[in-house]
Amino acid sequence: MEAVVVDAGSKLLKAGFAVPDQDPGLVIPTKMKRVPEEDGDIADGTAFEEVSVDPVVRGFIKDWEAMEDLLRHVLYTGLGWEEGNEGQILFTEPLSTPKALREQLVQLMFENFNVSGFYASEQAVLSLYAVGRISGCTVDIGHGKIDIAPVLEGAVQHIASKRFVIGGIDLTKLLAQELHKSNPMVKVDISDVEKLKEQYAVCVEDSFAYEETHKSCQAEKHTLPDGQLPSTMLDSLSILVRPQSVARAAKL
C-alpha cells in the first residue's frame, strides 16, 4: 500500500496516496462542528448550541482531540484504511514548527493510529520537490500565515526564513469590518463574508491595475429576502496591494 500524504492547513485539509502526478484524493474543510452524542449532551432534554472547532490555527495544531477525530475520518472513511492494517504516513509541516508539536503528532500517530511508518517534512521542501527542484525560495501564502523560506539542496535555511502571522482570514475580518461600518445594525456572519471575498475580491499590483479592474467589473443588483432592492450596491471588492508596502513588510 502506498504511503498517505496529509497536508493539514488552517482552512483545508488535503490528503491522498503518494502516487506520482495524482491530485489529492480528499480535500475537505479543516473546520469542524461539535455535535452532541446520542446519549450524552442532550440526554436531559436541554438545547444544544452548535459550536465550530478549528483544529489547526495559523498552520499549527491547537485542538488535538478534534484533530484526531478529523484524521480518523480522513484515513479510515475517506482513504479506506482498515483497523489493524494501517500503512505509512507523511505529514507536511509549516515553517518553524515547534519540536513539542512534532513530538505530540508522532505520539498520536503511533499510539492512536498504529501507523507502520511516520515522516514529517517541511512544506517549503516538498513544494520544490513537486516541481523537480531541491533549491529555491518558496513563498507560502495561506489562510492564517505567510511563510517565506529559502531552500538549499533540500534543507530550509531557517536563519534567512521569515514567518508573517497574517493570511486570508485577516482579509476576511477586514472586509467584515468594512461591511459592518456601512450598516452597523446588520450582524455579519464571518462565513458569509468569506464567501463574498472568494466570489468578488480581486488582488492587483498597483493603482493602475486597480482602476482597470474596477472599470471591467459589472455592477450587480441583489434582491433582499423581503423583495426590496438595497439603495447601495456592492459592485466589486478590490484589494490593492502595493509592491513597496510588501517590500517594507519583508524587512521587518
# chains A, B, ... in the order shown; residues from 1 in each chain; ligands from 1
>>> select_by_dssp(residues="range 48-237 of chain A", states="alpha helix (DSSP H)", output="PyMOL selection string")
chain A and resi 64-72+99-112+123-130+168-182+190-200+207-216
>>> residues_around(residues="Pro150 in chain A", least_positions_apart="3", cutoff="10 Å", atoms="only C-alpha atoms", output="ChimeraX atom specification")
/A:124-125,135-139,154-162
>>> residues_around(residues="range 101-114 of chain A", least_positions_apart="2", cutoff="9 Å", atoms="only C-alpha atoms", output="PDB file with all heavy atoms, in the first residue's frame")
ATOM      1  N   PHE A  60      -0.683  25.654  12.803  1.00  0.00           N
ATOM      2  CA  PHE A  60      -0.298  24.726  13.860  1.00  0.00           C
ATOM      3  C   PHE A  60      -1.530  24.073  14.481  1.00  0.00           C
ATOM      4  O   PHE A  60      -2.585  24.699  14.617  1.00  0.00           O
ATOM      5  CB  PHE A  60       0.505  25.435  14.958  1.00  0.00           C
ATOM      6  CG  PHE A  60       1.800  26.024  14.478  1.00  0.00           C
ATOM      7  CD1 PHE A  60       2.232  27.252  14.947  1.00  0.00           C
ATOM      8  CD2 PHE A  60       2.587  25.348  13.565  1.00  0.00           C
ATOM      9  CE1 PHE A  60       3.428  27.800  14.521  1.00  0.00           C
ATOM     10  CE2 PHE A  60       3.784  25.891  13.118  1.00  0.00           C
ATOM     11  CZ  PHE A  60       4.208  27.116  13.602  1.00  0.00           C
ATOM     12  N   ILE A  61      -1.387  22.812  14.889  1.00  0.00           N
ATOM     13  CA  ILE A  61      -2.489  22.093  15.526  1.00  0.00           C
ATOM     14  C   ILE A  61      -2.692  22.646  16.932  1.00  0.00           C
ATOM     15  O   ILE A  61      -1.758  22.703  17.738  1.00  0.00           O
ATOM     16  CB  ILE A  61      -2.199  20.577  15.589  1.00  0.00           C
ATOM     17  CG1 ILE A  61      -1.999  20.014  14.174  1.00  0.00           C
ATOM     18  CG2 ILE A  61      -3.333  19.841  16.293  1.00  0.00           C
ATOM     19  CD1 ILE A  61      -1.596  18.548  14.151  1.00  0.00           C
ATOM     20  N   TRP A  64      -6.152  18.982  19.780  1.00  0.00           N
ATOM     21  CA  TRP A  64      -5.689  17.647  19.426  1.00  0.00           C
ATOM     22  C   TRP A  64      -6.827  16.633  19.378  1.00  0.00           C
ATOM     23  O   TRP A  64      -6.800  15.699  18.581  1.00  0.00           O
ATOM     24  CB  TRP A  64      -4.604  17.201  20.404  1.00  0.00           C
ATOM     25  CG  TRP A  64      -3.323  17.935  20.165  1.00  0.00           C
ATOM     26  CD1 TRP A  64      -2.886  19.067  20.782  1.00  0.00           C
ATOM     27  CD2 TRP A  64      -2.317  17.612  19.200  1.00  0.00           C
ATOM     28  NE1 TRP A  64      -1.689  19.475  20.275  1.00  0.00           N
ATOM     29  CE2 TRP A  64      -1.291  18.594  19.303  1.00  0.00           C
ATOM     30  CE3 TRP A  64      -2.169  16.591  18.269  1.00  0.00           C
ATOM     31  CZ2 TRP A  64      -0.160  18.580  18.510  1.00  0.00           C
ATOM     32  CZ3 TRP A  64      -1.030  16.566  17.473  1.00  0.00           C
ATOM     33  CH2 TRP A  64      -0.044  17.546  17.593  1.00  0.00           C
ATOM     34  N   GLU A  68      -7.663  14.522  16.042  1.00  0.00           N
ATOM     35  CA  GLU A  68      -7.720  13.063  15.995  1.00  0.00           C
ATOM     36  C   GLU A  68      -9.004  12.592  15.321  1.00  0.00           C
ATOM     37  O   GLU A  68      -8.989  11.670  14.492  1.00  0.00           O
ATOM     38  CB  GLU A  68      -7.627  12.484  17.403  1.00  0.00           C
ATOM     39  CG  GLU A  68      -7.660  10.963  17.424  1.00  0.00           C
ATOM     40  CD  GLU A  68      -7.540  10.381  18.816  1.00  0.00           C
ATOM     41  OE1 GLU A  68      -7.257  11.146  19.765  1.00  0.00           O
ATOM     42  OE2 GLU A  68      -7.736   9.150  18.967  1.00  0.00           O
ATOM     43  N   ARG A  72      -9.199  10.485  11.799  1.00  0.00           N
ATOM     44  CA  ARG A  72      -9.901   9.190  11.720  1.00  0.00           C
ATOM     45  C   ARG A  72     -10.868   9.175  10.546  1.00  0.00           C
ATOM     46  O   ARG A  72     -10.974   8.183   9.813  1.00  0.00           O
ATOM     47  CB  ARG A  72     -10.632   8.904  13.027  1.00  0.00           C
ATOM     48  CG  ARG A  72      -9.724   8.511  14.163  1.00  0.00           C
ATOM     49  CD  ARG A  72     -10.481   7.924  15.333  1.00  0.00           C
ATOM     50  NE  ARG A  72      -9.543   7.563  16.393  1.00  0.00           N
ATOM     51  CZ  ARG A  72      -8.849   6.435  16.419  1.00  0.00           C
ATOM     52  NH1 ARG A  72      -9.000   5.551  15.444  1.00  0.00           N
ATOM     53  NH2 ARG A  72      -8.020   6.174  17.414  1.00  0.00           N
ATOM     54  N   GLU A  83      -8.791  -0.909  10.176  1.00  0.00           N
ATOM     55  CA  GLU A  83      -8.269  -1.043  11.531  1.00  0.00           C
ATOM     56  C   GLU A  83      -7.347  -2.256  11.608  1.00  0.00           C
ATOM     57  O   GLU A  83      -7.707  -3.357  11.201  1.00  0.00           O
ATOM     58  CB  GLU A  83      -9.423  -1.208  12.530  1.00  0.00           C
ATOM     59  CG  GLU A  83     -10.304   0.023  12.668  1.00  0.00           C
ATOM     60  CD  GLU A  83      -9.726   1.048  13.628  1.00  0.00           C
ATOM     61  OE1 GLU A  83      -8.675   0.746  14.246  1.00  0.00           O
ATOM     62  OE2 GLU A  83     -10.306   2.133  13.771  1.00  0.00           O
ATOM     63  N   GLY A  84      -6.151  -2.054  12.141  1.00  0.00           N
ATOM     64  CA  GLY A  84      -5.189  -3.131  12.270  1.00  0.00           C
ATOM     65  C   GLY A  84      -4.318  -3.335  11.049  1.00  0.00           C
ATOM     66  O   GLY A  84      -3.393  -4.147  11.081  1.00  0.00           O
ATOM     67  N   ASN A  85      -4.597  -2.593   9.970  1.00  0.00           N
ATOM     68  CA  ASN A  85      -3.808  -2.732   8.746  1.00  0.00           C
ATOM     69  C   ASN A  85      -3.396  -1.351   8.237  1.00  0.00           C
ATOM     70  O   ASN A  85      -3.467  -1.055   7.045  1.00  0.00           O
ATOM     71  CB  ASN A  85      -4.607  -3.492   7.685  1.00  0.00           C
ATOM     72  CG  ASN A  85      -3.742  -3.867   6.481  1.00  0.00           C
ATOM     73  OD1 ASN A  85      -2.537  -4.088   6.609  1.00  0.00           O
ATOM     74  ND2 ASN A  85      -4.365  -3.938   5.309  1.00  0.00           N
ATOM     75  N   GLU A  86      -2.984  -0.510   9.165  1.00  0.00           N
ATOM     76  CA  GLU A  86      -2.603   0.850   8.804  1.00  0.00           C
ATOM     77  C   GLU A  86      -1.251   0.855   8.085  1.00  0.00           C
ATOM     78  O   GLU A  86      -0.403  -0.021   8.300  1.00  0.00           O
ATOM     79  CB  GLU A  86      -2.516   1.732  10.055  1.00  0.00           C
ATOM     80  CG  GLU A  86      -3.863   2.037  10.701  1.00  0.00           C
ATOM     81  CD  GLU A  86      -4.336   0.932  11.627  1.00  0.00           C
ATOM     82  OE1 GLU A  86      -3.586  -0.075  11.763  1.00  0.00           O
ATOM     83  OE2 GLU A  86      -5.422   1.055  12.207  1.00  0.00           O
ATOM     84  N   GLY A  87      -1.069   1.848   7.245  1.00  0.00           N
ATOM     85  CA  GLY A  87       0.165   1.937   6.474  1.00  0.00           C
ATOM     86  C   GLY A  87       1.073   3.037   6.969  1.00  0.00           C
ATOM     87  O   GLY A  87       1.061   3.404   8.150  1.00  0.00           O
ATOM     88  N   ILE A  89       2.657   7.067   6.697  1.00  0.00           N
ATOM     89  CA  ILE A  89       2.044   8.381   6.516  1.00  0.00           C
ATOM     90  C   ILE A  89       3.125   9.460   6.498  1.00  0.00           C
ATOM     91  O   ILE A  89       4.126   9.372   7.222  1.00  0.00           O
ATOM     92  CB  ILE A  89       1.002   8.655   7.632  1.00  0.00           C
ATOM     93  CG1 ILE A  89       0.144   9.872   7.281  1.00  0.00           C
ATOM     94  CG2 ILE A  89       1.670   8.821   8.994  1.00  0.00           C
ATOM     95  CD1 ILE A  89      -1.096   9.988   8.149  1.00  0.00           C
ATOM     96  N   GLU A  93       4.607  19.989   7.315  1.00  0.00           N
ATOM     97  CA  GLU A  93       4.580  20.883   8.469  1.00  0.00           C
ATOM     98  C   GLU A  93       5.046  22.269   8.051  1.00  0.00           C
ATOM     99  O   GLU A  93       5.943  22.416   7.220  1.00  0.00           O
ATOM    100  CB  GLU A  93       5.442  20.338   9.609  1.00  0.00           C
ATOM    101  CG  GLU A  93       6.912  20.164   9.275  1.00  0.00           C
ATOM    102  CD  GLU A  93       7.707  19.620  10.445  1.00  0.00           C
ATOM    103  OE1 GLU A  93       7.096  18.970  11.318  1.00  0.00           O
ATOM    104  OE2 GLU A  93       8.925  19.839  10.492  1.00  0.00           O
ATOM    105  N   THR A  97       7.893  24.935  12.912  1.00  0.00           N
ATOM    106  CA  THR A  97       7.032  24.113  13.760  1.00  0.00           C
ATOM    107  C   THR A  97       7.763  23.769  15.053  1.00  0.00           C
ATOM    108  O   THR A  97       8.888  23.245  15.017  1.00  0.00           O
ATOM    109  CB  THR A  97       6.640  22.808  13.044  1.00  0.00           C
ATOM    110  OG1 THR A  97       5.911  23.135  11.865  1.00  0.00           O
ATOM    111  CG2 THR A  97       5.786  21.934  13.935  1.00  0.00           C
ATOM    112  N   PRO A  98       7.168  24.050  16.219  1.00  0.00           N
ATOM    113  CA  PRO A  98       7.845  23.727  17.485  1.00  0.00           C
ATOM    114  C   PRO A  98       8.092  22.229  17.623  1.00  0.00           C
ATOM    115  O   PRO A  98       7.293  21.409  17.184  1.00  0.00           O
ATOM    116  CB  PRO A  98       6.852  24.226  18.548  1.00  0.00           C
ATOM    117  CG  PRO A  98       6.006  25.244  17.843  1.00  0.00           C
ATOM    118  CD  PRO A  98       5.903  24.767  16.425  1.00  0.00           C
ATOM    119  N   LYS A  99       9.198  21.883  18.249  1.00  0.00           N
ATOM    120  CA  LYS A  99       9.553  20.479  18.436  1.00  0.00           C
ATOM    121  C   LYS A  99       8.498  19.747  19.251  1.00  0.00           C
ATOM    122  O   LYS A  99       8.192  18.576  18.986  1.00  0.00           O
ATOM    123  CB  LYS A  99      10.908  20.387  19.131  1.00  0.00           C
ATOM    124  CG  LYS A  99      11.397  18.963  19.341  1.00  0.00           C
ATOM    125  CD  LYS A  99      12.754  18.932  20.035  1.00  0.00           C
ATOM    126  CE  LYS A  99      13.216  17.509  20.277  1.00  0.00           C
ATOM    127  NZ  LYS A  99      14.535  17.476  20.990  1.00  0.00           N
ATOM    128  N   SER A 116       2.533   2.194  10.553  1.00  0.00           N
ATOM    129  CA  SER A 116       3.759   1.418  10.427  1.00  0.00           C
ATOM    130  C   SER A 116       4.975   2.286  10.152  1.00  0.00           C
ATOM    131  O   SER A 116       6.115   1.837  10.313  1.00  0.00           O
ATOM    132  CB  SER A 116       3.605   0.394   9.294  1.00  0.00           C
ATOM    133  OG  SER A 116       3.333   1.057   8.060  1.00  0.00           O
ATOM    134  N   GLY A 117       4.753   3.538   9.750  1.00  0.00           N
ATOM    135  CA  GLY A 117       5.860   4.448   9.492  1.00  0.00           C
ATOM    136  C   GLY A 117       5.362   5.885   9.464  1.00  0.00           C
ATOM    137  O   GLY A 117       4.239   6.155   9.023  1.00  0.00           O
ATOM    138  N   PHE A 118       6.182   6.811   9.953  1.00  0.00           N
ATOM    139  CA  PHE A 118       5.790   8.225  10.015  1.00  0.00           C
ATOM    140  C   PHE A 118       6.973   9.084   9.590  1.00  0.00           C
ATOM    141  O   PHE A 118       8.120   8.802   9.951  1.00  0.00           O
ATOM    142  CB  PHE A 118       5.363   8.599  11.435  1.00  0.00           C
ATOM    143  CG  PHE A 118       5.075  10.074  11.611  1.00  0.00           C
ATOM    144  CD1 PHE A 118       3.799  10.566  11.403  1.00  0.00           C
ATOM    145  CD2 PHE A 118       6.085  10.962  11.968  1.00  0.00           C
ATOM    146  CE1 PHE A 118       3.533  11.923  11.555  1.00  0.00           C
ATOM    147  CE2 PHE A 118       5.829  12.313  12.107  1.00  0.00           C
ATOM    148  CZ  PHE A 118       4.553  12.787  11.907  1.00  0.00           C
ATOM    149  N   TYR A 119       6.671  10.131   8.810  1.00  0.00           N
ATOM    150  CA  TYR A 119       7.703  11.089   8.427  1.00  0.00           C
ATOM    151  C   TYR A 119       7.048  12.456   8.274  1.00  0.00           C
ATOM    152  O   TYR A 119       5.934  12.568   7.755  1.00  0.00           O
ATOM    153  CB  TYR A 119       8.385  10.698   7.116  1.00  0.00           C
ATOM    154  CG  TYR A 119       9.606  11.530   6.800  1.00  0.00           C
ATOM    155  CD1 TYR A 119      10.837  11.239   7.384  1.00  0.00           C
ATOM    156  CD2 TYR A 119       9.540  12.611   5.929  1.00  0.00           C
ATOM    157  CE1 TYR A 119      11.966  11.995   7.116  1.00  0.00           C
ATOM    158  CE2 TYR A 119      10.664  13.381   5.650  1.00  0.00           C
ATOM    159  CZ  TYR A 119      11.877  13.066   6.249  1.00  0.00           C
ATOM    160  OH  TYR A 119      12.986  13.829   5.990  1.00  0.00           O
ATOM    161  N   ALA A 120       7.730  13.485   8.765  1.00  0.00           N
ATOM    162  CA  ALA A 120       7.250  14.863   8.631  1.00  0.00           C
ATOM    163  C   ALA A 120       8.280  15.662   7.851  1.00  0.00           C
ATOM    164  O   ALA A 120       9.486  15.581   8.141  1.00  0.00           O
ATOM    165  CB  ALA A 120       7.015  15.492   9.999  1.00  0.00           C
TER     166      ALA A 120
END
>>> atom_distance(atom1="CA of Glu178 in chain A", atom2="CA of Ile28 in chain A")
29.0 Å
>>> closest_residue(among="A:Pro55, A:Gly132, A:Gly25, A:Gly142", to="Arg163 in chain A", atoms="only C-alpha atoms")
A:Gly142
>>> atom_distance(atom1="CA of Met67 in chain A", atom2="CA of Ile148 in chain A")
25.9 Å
>>> closest_residue(among="A:Ser207, A:Gln88, A:Gly144, A:Val51", to="Glu2 in chain A", atoms="only C-alpha atoms")
A:Gln88
>>> closest_residue(among="A:Ala18, A:Leu175, A:Val53, A:Leu95", to="Thr30 in chain A", atoms="only C-alpha atoms")
A:Val53
>>> select_by_dssp(residues="range 120-223 of chain A", states="strand (DSSP E or B)", output="list in words")
Ala120, Ser121, Glu122, Gly136, Cys137, Thr138, Val139, Asp140, Ile141, Ile146, Asp147, Ile148, Ala149, Pro150, Val151, Leu152, Ala155, Val156, Lys162, Arg163, Phe164, Ala201, Val202, Cys203 and Val204 of chain A
>>> residues_around(residues="Lys11 in chain A", least_positions_apart="6", cutoff="8 Å", atoms="only C-alpha atoms", output="list in words")
Pro29, Thr30, Lys31, Val56 and His143 of chain A
